[in-house]
Structures are given as structure tokens and as C-alpha cells.
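Source file: start23.txt (compact mmCIF, C-alpha atoms)
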```txt
# COMPACT_ATOMS: atom_id res chain seq x y z
CA MET Y 1284 119.23 84.83 127.17
CA LYS Y 1285 116.54 86.67 125.22
CA ASP Y 1286 114.10 83.82 125.89
CA LEU Y 1287 114.87 84.05 129.59
CA LEU Y 1288 114.15 87.79 129.47
CA HIS Y 1289 110.84 87.16 127.71
CA MET Y 1290 109.93 84.52 130.29
CA LYS Y 1291 110.75 86.86 133.14
CA ARG Y 1292 108.78 89.67 131.55
CA GLY Y 1293 105.85 87.35 130.84
CA SER Y 1294 105.70 86.13 134.43
CA ALA Y 1295 105.87 89.70 135.73
CA GLU Y 1296 102.99 90.69 133.45
CA LEU Y 1297 100.93 87.79 134.73
CA ALA Y 1298 101.62 88.76 138.34
CA VAL Y 1299 100.58 92.38 137.80
CA LEU Y 1300 97.45 91.52 135.80
CA ALA Y 1301 96.45 88.91 138.38
CA VAL Y 1302 96.62 91.29 141.35
CA LEU Y 1303 94.64 93.87 139.41
CA GLU Y 1304 91.95 91.33 138.61
CA ARG Y 1305 90.22 91.78 141.96
CA GLU Y 1306 90.57 95.51 142.45
CA ALA Y 1307 92.20 98.66 141.12
CA LEU Y 1308 95.47 99.50 142.87
CA HIS Y 1309 98.17 102.14 142.65
CA GLY Y 1310 101.79 101.25 141.88
CA TYR Y 1311 103.01 100.93 145.45
CA GLU Y 1312 100.02 98.78 146.40
CA ILE Y 1313 100.63 96.51 143.42
CA ALA Y 1314 104.22 95.92 144.54
CA LYS Y 1315 103.17 95.27 148.15
CA ARG Y 1316 100.32 92.96 147.11
CA ILE Y 1317 102.59 90.84 144.90
CA GLU Y 1318 105.19 90.62 147.63
CA ALA Y 1319 102.59 89.60 150.21
CA ARG Y 1320 100.83 87.07 147.99
CA SER Y 1321 104.12 85.41 147.01
CA GLY Y 1322 105.28 85.20 150.63
CA GLY Y 1323 108.06 87.68 149.89
CA GLN Y 1324 109.45 85.63 146.99
CA LEU Y 1325 108.48 88.08 144.26
CA ARG Y 1326 109.45 91.69 144.68
CA PHE Y 1327 108.87 94.64 142.41
CA ASP Y 1328 110.76 97.84 142.90
CA VAL Y 1329 110.32 101.20 141.18
CA ALA Y 1330 112.77 100.25 138.43
CA SER Y 1331 111.00 97.03 137.50
CA LEU Y 1332 107.37 97.96 138.14
CA TYR Y 1333 106.76 101.21 136.28
CA PRO Y 1334 108.28 100.33 132.88
CA LEU Y 1335 106.11 97.20 133.03
CA LEU Y 1336 102.97 99.14 133.98
CA TYR Y 1337 103.52 101.62 131.14
CA ARG Y 1338 104.07 98.79 128.66
CA LEU Y 1339 100.84 97.17 129.78
CA GLU Y 1340 99.10 100.52 129.49
CA ALA Y 1341 100.49 101.06 125.97
CA ARG Y 1342 99.04 97.66 125.03
CA GLU Y 1343 95.75 98.75 126.60
CA LEU Y 1344 95.72 95.87 129.09
CA VAL Y 1345 95.62 98.22 132.07
CA LYS Y 1346 94.41 101.76 132.49
CA GLY Y 1347 95.72 104.32 134.96
CA ASN Y 1348 93.60 107.08 136.50
CA TRP Y 1349 94.93 109.91 138.61
CA GLU Y 1350 93.42 110.47 142.01
CA GLU Y 1351 94.25 112.65 144.98
CA SER Y 1352 94.25 111.36 148.52
CA SER Y 1353 92.93 113.33 151.49
CA SER Y 1354 96.52 114.30 152.31
CA GLY Y 1355 96.83 115.85 148.86
CA ARG Y 1356 99.11 113.17 147.45
CA LYS Y 1357 98.55 112.48 143.75
CA ARG Y 1358 98.68 108.85 142.69
CA ARG Y 1359 97.65 106.77 139.74
CA ARG Y 1360 95.33 103.89 140.32
CA TYR Y 1361 95.57 101.08 137.79
CA SER Y 1362 92.72 98.84 136.75
CA LEU Y 1363 92.34 96.04 134.23
CA THR Y 1364 90.75 96.94 130.93
CA ARG Y 1365 88.40 94.58 129.15
CA ALA Y 1366 91.33 93.48 126.97
CA GLY Y 1367 93.40 92.92 130.12
CA ARG Y 1368 90.73 90.65 131.60
CA LYS Y 1369 90.49 88.74 128.36
CA ALA Y 1370 94.27 88.35 128.20
CA LEU Y 1371 94.53 86.95 131.71
CA ALA Y 1372 92.90 83.53 131.12
CA PRO Y 1373 95.11 82.44 128.18
CA LEU Y 1374 98.15 83.81 129.98
CA ARG Y 1375 97.34 81.72 133.04
CA LYS Y 1376 96.80 78.64 130.86
CA LYS Y 1377 100.09 79.20 129.06
CA TRP Y 1378 102.02 79.43 132.32
CA ARG Y 1379 100.20 76.43 133.81
CA THR Y 1380 101.21 74.37 130.77
CA PHE Y 1381 104.76 75.64 130.95
CA LEU Y 1382 105.14 74.92 134.67
CA HIS Y 1383 103.61 71.47 134.22
CA ALA Y 1384 106.07 70.71 131.41
CA LEU Y 1385 108.97 71.98 133.51
CA ASP Y 1386 107.81 69.83 136.38
CA LEU Y 1387 107.75 66.77 134.15
CA VAL Y 1388 111.27 67.49 132.97
CA ALA Y 1389 112.91 68.77 136.12
CA GLY Y 1390 110.59 67.76 138.94
CA VAL Y 1391 110.45 71.30 140.19
CA ARG Y 1392 107.18 70.95 142.11
CA GLY Y 1393 108.43 68.31 144.54
CA ALA Y 1394 111.87 69.89 144.90
CA MET W 1455 111.34 116.38 154.79
CA ARG W 1456 112.78 115.46 151.41
CA ASP W 1457 111.19 116.76 148.24
CA TRP W 1458 110.89 113.48 146.33
CA GLU W 1459 109.64 115.04 143.13
CA GLN W 1460 112.64 117.32 143.00
CA LEU W 1461 114.98 114.41 143.70
CA VAL W 1462 113.44 112.19 141.00
CA GLY W 1463 113.44 115.14 138.58
CA GLU W 1464 117.15 115.75 139.18
CA ARG W 1465 118.02 112.08 138.69
CA MET W 1466 115.94 111.70 135.53
CA GLY W 1467 117.11 114.93 133.88
CA ALA W 1468 115.31 118.03 132.66
CA PRO W 1469 114.26 116.70 129.20
CA PHE W 1470 112.55 113.71 130.80
CA VAL W 1471 110.83 115.90 133.41
CA THR W 1472 109.52 118.18 130.66
CA ALA W 1473 108.28 115.27 128.55
CA HIS W 1474 106.86 113.13 131.36
CA PRO W 1475 106.00 115.20 134.47
CA ASP W 1476 103.32 112.64 135.39
CA VAL W 1477 105.86 109.83 135.52
CA VAL W 1478 108.14 111.86 137.78
CA CYS W 1479 105.19 112.54 140.09
CA GLU W 1480 104.27 108.86 140.17
CA LEU W 1481 107.80 107.61 140.88
CA ALA W 1482 108.23 110.23 143.59
CA ALA W 1483 104.98 109.15 145.25
CA HIS W 1484 106.12 105.53 145.20
CA LEU W 1485 109.53 106.32 146.72
CA GLN W 1486 107.99 108.58 149.33
CA GLU W 1487 105.52 105.90 150.33
CA THR W 1488 108.30 103.32 150.56
CA CYS W 1489 110.32 105.65 152.74
CA GLU W 1490 107.38 106.44 155.02
CA ASP W 1491 106.61 102.72 155.47
CA LEU W 1492 110.22 102.00 156.38
CA ILE W 1493 110.24 104.84 158.92
CA HIS W 1494 106.96 103.51 160.29
CA ALA W 1495 108.65 100.11 160.62
CA GLY W 1496 111.28 101.70 162.84
CA LEU W 1497 114.12 102.68 160.52
CA PRO W 1498 115.85 106.04 160.98
CA PRO W 1499 114.84 108.52 158.23
CA GLU W 1500 118.31 108.53 156.61
CA GLU W 1501 118.39 104.75 156.39
CA ALA W 1502 114.80 104.65 155.12
CA GLU W 1503 115.69 107.13 152.37
CA ARG W 1504 118.78 105.16 151.47
CA GLN W 1505 116.79 101.93 151.19
CA ALA W 1506 114.03 103.61 149.17
CA LEU W 1507 116.56 105.01 146.72
CA ALA W 1508 118.36 101.66 146.51
CA GLN W 1509 115.37 100.44 144.48
CA VAL W 1510 116.88 102.19 141.50
CA ALA W 1511 120.31 100.80 140.70
CA SER W 1512 120.71 102.97 137.59
CA TRP W 1513 118.64 106.07 136.94
CA ILE W 1514 119.87 106.22 133.36
CA ARG W 1515 118.66 102.71 132.72
CA LEU W 1516 115.33 103.43 134.40
CA ARG W 1517 114.90 106.54 132.28
CA ASN W 1518 115.64 104.57 129.10
CA ASP W 1519 113.28 101.76 130.13
CA LEU W 1520 110.51 104.22 130.90
CA GLU W 1521 110.98 106.10 127.65
CA ARG W 1522 110.91 102.88 125.68
CA ALA W 1523 107.81 101.71 127.52
CA LYS W 1524 106.06 105.06 127.06
CA GLN W 1525 106.99 105.54 123.42
CA GLY W 1526 107.14 101.94 122.23
CA ASP W 1527 103.86 102.09 120.44
CA SER W 1528 104.03 105.63 119.21
CA MET W 1529 107.54 105.03 117.86
CA LYS W 1530 106.22 102.29 115.61
CA ASN W 1531 103.45 104.55 114.36
CA GLN W 1532 105.91 107.37 113.86
CA GLN W 1533 108.13 105.11 111.73
CA ILE W 1534 105.17 104.06 109.61
CA ARG W 1535 104.13 107.67 109.11
CA SER W 1536 107.57 109.12 108.49
CA VAL W 1537 109.36 106.30 106.66
CA TRP W 1538 107.18 103.55 105.24
CA LEU W 1539 104.20 105.53 103.96
CA PRO W 1540 106.33 108.27 102.34
CA GLY W 1541 108.59 105.48 101.00
CA LEU W 1542 105.58 103.82 99.41
CA LEU W 1543 104.59 107.15 97.90
CA THR W 1544 108.10 107.59 96.47
CA ALA W 1545 107.95 104.09 95.02
CA VAL W 1546 104.53 104.56 93.43
CA SER W 1547 105.41 107.94 91.95
CA GLY W 1548 108.89 106.80 90.85
CA PHE W 1549 107.65 103.69 89.08
CA GLY W 1550 104.66 105.62 87.78
CA LEU W 1551 107.05 108.09 86.18
CA LEU W 1552 109.04 105.23 84.71
CA ARG W 1553 105.91 103.68 83.26
CA ALA W 1554 104.90 107.02 81.79
CA MET W 1555 108.39 107.52 80.34
CA LEU W 1556 108.39 104.10 78.73
CA ALA W 1557 104.98 104.74 77.27
CA LEU W 1558 106.15 108.06 75.90
CA SER W 1559 109.37 106.63 74.55
CA ALA W 1560 107.43 103.92 72.74
CA VAL W 1561 105.36 106.59 71.08
CA SER W 1562 107.85 109.28 70.23
CA TRP W 1563 111.26 109.28 71.95
CA ASP W 1564 112.36 105.72 71.22
CA PHE W 1565 114.73 105.50 74.17
CA GLN W 1566 114.78 101.76 74.15
CA HIS W 1567 116.12 101.75 70.64
CA ARG W 1568 118.68 104.42 71.44
CA VAL W 1569 119.92 102.55 74.52
CA THR W 1570 120.24 99.39 72.47
CA GLU W 1571 122.43 101.23 70.02
CA VAL W 1572 124.69 102.69 72.71
CA LEU W 1573 124.92 99.58 74.88
CA PRO W 1574 125.47 96.57 72.65
CA TRP W 1575 124.73 93.99 75.41
CA SER W 1576 121.34 95.50 76.00
CA THR W 1577 118.26 94.35 74.13
CA PRO W 1578 115.07 96.38 73.72
CA ASP W 1579 113.46 94.16 76.32
CA GLY W 1580 116.55 93.75 78.50
CA PRO W 1581 117.54 95.50 81.70
CA GLY W 1582 119.35 98.29 79.90
CA ALA W 1583 116.13 99.25 78.18
CA VAL W 1584 114.91 101.15 81.21
CA PHE W 1585 118.02 103.25 81.58
CA ALA W 1586 116.24 106.26 80.26
CA ILE W 1587 117.86 109.61 80.95
CA PRO W 1588 114.56 111.53 80.99
CA TRP W 1589 113.31 109.22 83.74
CA LEU W 1590 116.40 109.95 85.83
CA VAL W 1591 115.87 113.66 85.17
CA VAL W 1592 112.34 113.65 86.59
CA LEU W 1593 112.99 111.01 89.27
CA PRO W 1594 114.19 113.61 91.84
CA LEU W 1595 110.55 114.75 91.95
CA ALA W 1596 109.59 111.37 93.44
CA GLY W 1597 112.45 111.59 95.95
CA ALA W 1598 111.40 115.13 96.84
CA LEU W 1599 107.79 114.03 97.35
CA GLY W 1600 108.80 111.19 99.70
CA ALA W 1601 111.16 113.40 101.69
CA TYR W 1602 108.56 116.18 101.91
CA VAL W 1603 105.81 113.87 103.17
CA SER W 1604 108.25 112.38 105.67
CA TRP W 1605 109.20 115.87 106.86
CA ARG W 1606 105.51 116.78 107.24
CA ALA W 1607 105.03 113.65 109.33
CA GLY W 1608 107.80 114.76 111.67
CA GLY W 1609 110.50 112.54 110.18
CA ARG W 1610 114.12 113.18 111.11
CA PRO W 1611 116.61 113.92 108.25
CA ALA W 1612 117.76 110.27 108.14
CA GLN W 1613 114.14 109.12 107.93
CA ARG W 1614 113.43 111.61 105.13
CA LEU W 1615 116.41 110.31 103.15
CA LEU W 1616 115.33 106.72 103.79
CA ALA W 1617 111.79 107.49 102.63
CA ALA W 1618 113.22 108.87 99.39
CA LEU W 1619 115.56 105.89 98.85
CA ILE W 1620 113.18 103.03 99.64
CA PRO W 1621 112.31 102.29 95.96
CA ALA W 1622 116.00 101.97 95.14
CA GLY W 1623 116.37 99.57 98.06
CA VAL W 1624 113.48 97.43 96.86
CA VAL W 1625 114.90 97.33 93.34
CA ALA W 1626 118.36 96.54 94.70
CA GLY W 1627 116.92 93.58 96.59
CA LEU W 1628 115.19 92.27 93.47
CA ALA W 1629 118.28 92.83 91.33
CA LEU W 1630 120.52 91.03 93.82
CA LEU W 1631 118.03 88.18 93.88
CA SER W 1632 118.10 87.93 90.09
CA LEU W 1633 121.91 88.00 90.21
CA ALA W 1634 121.96 85.20 92.78
CA VAL W 1635 119.58 83.14 90.63
CA ALA W 1636 121.68 83.79 87.52
CA VAL W 1637 124.85 82.66 89.29
CA ALA W 1638 123.07 79.67 90.83
CA ILE W 1639 121.74 78.37 87.52
CA GLY W 1640 125.16 78.90 85.90
CA GLU W 1641 124.12 81.59 83.47
CA LYS W 1642 127.16 82.66 81.45
CA GLU W 1643 126.04 86.26 80.98
CA TRP W 1644 125.48 86.84 84.68
CA HIS W 1645 127.72 89.94 84.62
CA GLY W 1646 124.92 91.57 82.62
CA HIS W 1647 122.97 91.52 85.87
CA LEU W 1648 125.67 93.62 87.50
CA PHE W 1649 125.01 96.23 84.89
CA ALA W 1650 121.30 95.98 85.68
CA ILE W 1651 122.02 96.50 89.38
CA ALA W 1652 124.11 99.55 88.61
CA MET W 1653 121.41 100.95 86.36
CA TRP W 1654 118.53 100.14 88.66
CA LEU W 1655 120.22 101.02 91.89
CA PHE W 1656 122.91 103.65 91.79
CA SER W 1657 121.55 106.03 89.17
CA PRO W 1658 117.96 106.10 90.52
CA ALA W 1659 119.24 106.21 94.11
CA PHE W 1660 121.37 109.22 93.24
CA ALA W 1661 118.42 110.92 91.53
CA LEU W 1662 116.08 110.21 94.45
CA ALA W 1663 118.62 111.43 97.00
CA LEU W 1664 119.13 114.56 94.94
CA GLY W 1665 115.41 115.26 95.08
CA SER W 1666 115.30 114.81 98.84
CA LEU W 1667 118.15 117.30 99.45
CA PRO W 1668 116.00 120.44 99.88
CA PHE W 1669 114.04 118.71 102.65
CA LEU W 1670 116.99 117.24 104.54
CA ARG W 1671 118.14 120.55 105.96
CA ARG W 1672 114.77 121.62 107.33
CA SER W 1673 114.34 121.36 111.07
CA THR W 1674 112.21 118.45 112.23
CA LEU W 1675 108.55 119.35 112.76
CA GLY W 1676 107.39 118.85 116.32
CA ALA W 1677 110.91 118.32 117.67
```

Would you encode the structure as C-alpha cells?
Amino acid sequence: MKDLLHMKRGSAELAVLAVLEREALHGYEIAKRIEARSGGQLRFDVASLYPLLYRLEARELVKGNWEESSSGRKRRRYSLTRAGRKALAPLRKKWRTFLHALDLVAGVRGA
Amino acid sequence: MRDWEQLVGERMGAPFVTAHPDVVCELAAHLQETCEDLIHAGLPPEEAERQALAQVASWIRLRNDLERAKQGDSMKNQQIRSVWLPGLLTAVSGFGLLRAMLALSAVSWDFQHRVTEVLPWSTPDGPGAVFAIPWLVVLPLAGALGAYVSWRAGGRPAQRLLAALIPAGVVAGLALLSLAVAVAIGEKEWHGHLFAIAMWLFSPAFALALGSLPFLRRSTLGA
């Protein structure tokens, strides 16, 4: 059960870091971008996104900066730190290996 | 138009709002944006609000998750500062005092000899040899030092007590290990190790706890 939680958390981290790789985004945009890129399969809501973002920030993988829109709305825009960029490649490799292994065992890719 | 910041603040509770006003602002902005998008997509405002709020199944759980995420790192540092470092200081000063006492006793007080006379199963080099009353008399100073440093670092009363008792815990672990080894190798006099545990654990632990007492009642710094 704990392993499953770690897996889920690890995949969520990868998704967030990957969408921030191209550009800095605020929380709502991150959620929308992940949903759009996954064809609606992956969804982040307030309850799942922000604890994750703050954990990533505490580990200095992402950095949030406050900004104010023209309408006066204050939002935080998140960007990858240097450590975040460095962490992304091994994370991708780890998940590629894992998915390949799972495919060999369970044939998930062709299912 | 709903005041999302007020709503999030009410759901998260006043202590959270005071500690993390930026988080409240950020969550409110996210919910507001969700709601506006849903209205833009054609939903009635009430339904849009309901769907936006449905993102949070449990506000208590969200608050706990956010607090853990925000404080995860600083909590570890706080534990190091208020428990482990003061504990190390207690250990160094406690064992330093013991070393000094043994050195003194060898020169003038002759505790080892006296203990050997009182406790027939103890030898000058055995575990009973360190049961020196003067050491227990000054040991509260080490406990007081650990508790004080922990208090200065913002340690809670339980952390201050733990910082004072850490040396006793370390010794207890070693003594239990020696007892387990003695039993495992079939040593006949293994009950002598029980005496060692009592001497090394309970008496010093009591002395250390006694020293920490003046600092347990003080209010936590920075609370």
C-alpha cells in the first residue's frame, strides 16, 4: 500500500516537473496543462496539486514567484530550478524502465 | 460574487490562515479560476461553485497535507536542533563528568574500592564500579544543560526531556545488547548485567530528568 502511494506520488511529481520544463506556470495552469496533455486521463485538483507543489518547493526542485495580473489577481508562478531540471532526466529514465518492466510482465502497452 | 479567500480561510481555520496567508490566497485564486472557467463553459454560478468546491473532499485533510508539505523540511531541522544536538551535548557532558569523577576517585576518593566493598558481585573493573554517587549528584547538570539548549532552540517540553534523557537511552541500548549477548552465549552470571542496566539506566536517567525539571515548565520559545 505504501509502495503504491510512493509510486503515485512519484508519477505525479514527474508530471508536474515535466510540464514546468518548457515554461513557468501557475497552479491552475499546471493542472489544466496536465489534464490536456494526458487527454483528460490525469487530473489534479486543489487537494492533490498544492501539497505536491509545496513538497517540490521544499526540496528546491521548483520555485514559486508571486505575480499580479492586470485584473489585480495575485498568483504564484512556478518554474523549475536547476536541481529540478537535473532531477527530471533520471526520473524519466526510472519511469521508462519501470513501465517497460511492467509491460514485459503484464503486457500493459498492447492492452 | 463569492469571496474565495474568506471561504478558504473559514474552511482552513484561523491558525492556518495566520501561519500561511499566502497559501490561502493561492488556493482561493485556484478555486476562483476553476469556478470562472466553469461559468464560462455554461454552468450556472451555483453549480460552478459547487463543482469547484468539490475538488476538496476534506478540508481537514488538505490542511494537514499542506502543513506537512510546508513544514516537512523545517520539522526535521527543528528536531535536530531541539532534540539531537542538545542530546549529544548532554551525552558529552554526562560522560565527561563520569570520566572526571573516575579520574578523581582513582586519585583520592577511591569510589571503585568502596563500591566493591558494598556490592560483593562487583569488581573494581566491573559494571558496578561506575556507580559513583558523586557522579549521580552532578549528573543533573548535564540534564539541565541539554534541556536548556533544547528550550533555547524552541524545543517543546517533551523534546527538552528527551534531549536530557538521550544518554541514558544510548546506555540502555548498549546494556540490553550486552545482556542479550550474555544470555546468548550462556553466561551463568548474566543477572549481573541486570544490575548493570539498573545502575546505568535508571539512576542516571533519574538524575538527568531531575536536572531538566527547571526547564520543562518554561513556555516554548517562538510558539

Worksheet item: Which residues, written as a ChimeraX atom specification, have at least one atom at most 12 Å from Ser1321 of chain Y, with all atoms listed in the file counted and residues fewer than 6 positions away on the same chain left out?
Response: /Y:1298,1302,1314-1315,1327

Discussion item. Could you work out which residues of chain W fall inside 9 Å of chain Y? Count all atoms listed in the file, and format the result as a PyMOL selection string.
Written reply: chain W and resi 1477+1479-1481+1483-1485+1487-1488+1509-1513+1515-1516+1519-1528

Worksheet entry | Residues within 6 Å of (91.2, 96.9, 132.1), file coords, all atoms listed in the file, listed as a VMD selection string | chain Y and resid 1344 to 1346 1362 to 1365 1367

Worksheet, complete the sentence: Pairwise distance, atom CA of Ala1506 of chain W with atom CA of Gly1323 of chain Y, equals 17.0 Å

Worksheet item: For the atom pair atom CA of Tyr1602 of chain W and atom CA of Phe1669 of chain W, what is the interatomic distance in Å to one decimal place?
Response: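 We find that atom CA of Tyr1602 of chain W and atom CA of Phe1669 of chain W lie 6.1 Å from each other.
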
Item to complete: Please identify all polymer residues within 10 Å of Leu1539 of chain W, counting only C-alpha atoms, omitting same-chain residues fewer than 5 positions from it, and present them as a PyMOL selection string.
Response: chain W and resi 1533-1534+1544-1545+1600+1603-1604+1607+1617

Could you write out the selected residues, including C-alpha atoms, as a JSON list (two decimals), in the frame of the given file?
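Okay, this is what ended up in again-v3.json:
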```json
[["chain", "number", "residue", "atom", "x", "y", "z"],
["W", 1533, "GLN", "CA", 108.13, 105.11, 111.73],
["W", 1534, "ILE", "CA", 105.17, 104.06, 109.61],
["W", 1544, "THR", "CA", 108.10, 107.59, 96.47],
["W", 1545, "ALA", "CA", 107.95, 104.09, 95.02],
["W", 1600, "GLY", "CA", 108.80, 111.19, 99.70],
["W", 1603, "VAL", "CA", 105.81, 113.87, 103.17],
["W", 1604, "SER", "CA", 108.25, 112.38, 105.67],
["W", 1607, "ALA", "CA", 105.03, 113.65, 109.33],
["W", 1617, "ALA", "CA", 111.79, 107.49, 102.63]]
```

Practice prompt. Could you please determine the separation between atom CA of Gly1623 of chain W and atom CA of Trp1605 of chain W in Å, to one decimal place?
Written response: 19.9 Å

Discussion item. Here is a test: counting only C-alpha atoms, which residue of W:Ile1639, W:Val1537, W:Ala1634, W:Leu1497 is nearest to Gly1609 of chain W?
Written reply: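 The shortest atom-to-atom distance to Gly1609 of chain W comes from W:Val1537.
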
Take every atom of segment 1531-1543 of chain W listed in the file, fit an axis-aligned box around them, add 6 Å per side, and give the centre and edge lengths in Å to one decimal as AutoDock Vina command-line options.
```
--center_x 106.4 --center_y 106.3 --center_z 106.1 --size_x 17.9 --size_y 17.6 --size_z 28.5
```

Discussion item. Which residues are near Met1455 of chain W? Cut-off 12 Å, all atoms listed in the file, ignore same chain within fewer than 5 positions. Put them as a list in words.
Written reply: Gln1460, Leu1461, Gln1486, Cys1489, Glu1490, Pro1499, Glu1500 and Glu1503 of chain W

Worksheet item: Looking at Y:Ala1319, Y:Leu1332, Y:Ile1313, Y:Leu1374, which one is nearest to Gly1293 of chain Y, with distances taken over only C-alpha atoms?
Response: Y:Leu1374

Worksheet entry | Answer as JSON, numbers by chain, residues within 12 Å of (118.8, 107.4, 93.1) using all atoms listed in the file | {"W": [1544, 1545, 1548, 1589, 1590, 1591, 1592, 1593, 1594, 1595, 1596, 1597, 1598, 1615, 1616, 1617, 1618, 1619, 1620, 1621, 1622, 1623, 1624, 1625, 1626, 1651, 1652, 1653, 1654, 1655, 1656, 1657, 1658, 1659, 1660, 1661, 1662, 1663, 1664, 1665, 1666, 1667]}

Worksheet item: Smallest atom-to-atom distance to Leu1308 of chain Y: which of Y:Arg1326, Y:Arg1392, Y:Arg1379, Y:Arg1360, using all atoms listed in the file?
Response: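 Closest residue, counting all atoms listed in the file: Y:Arg1360.
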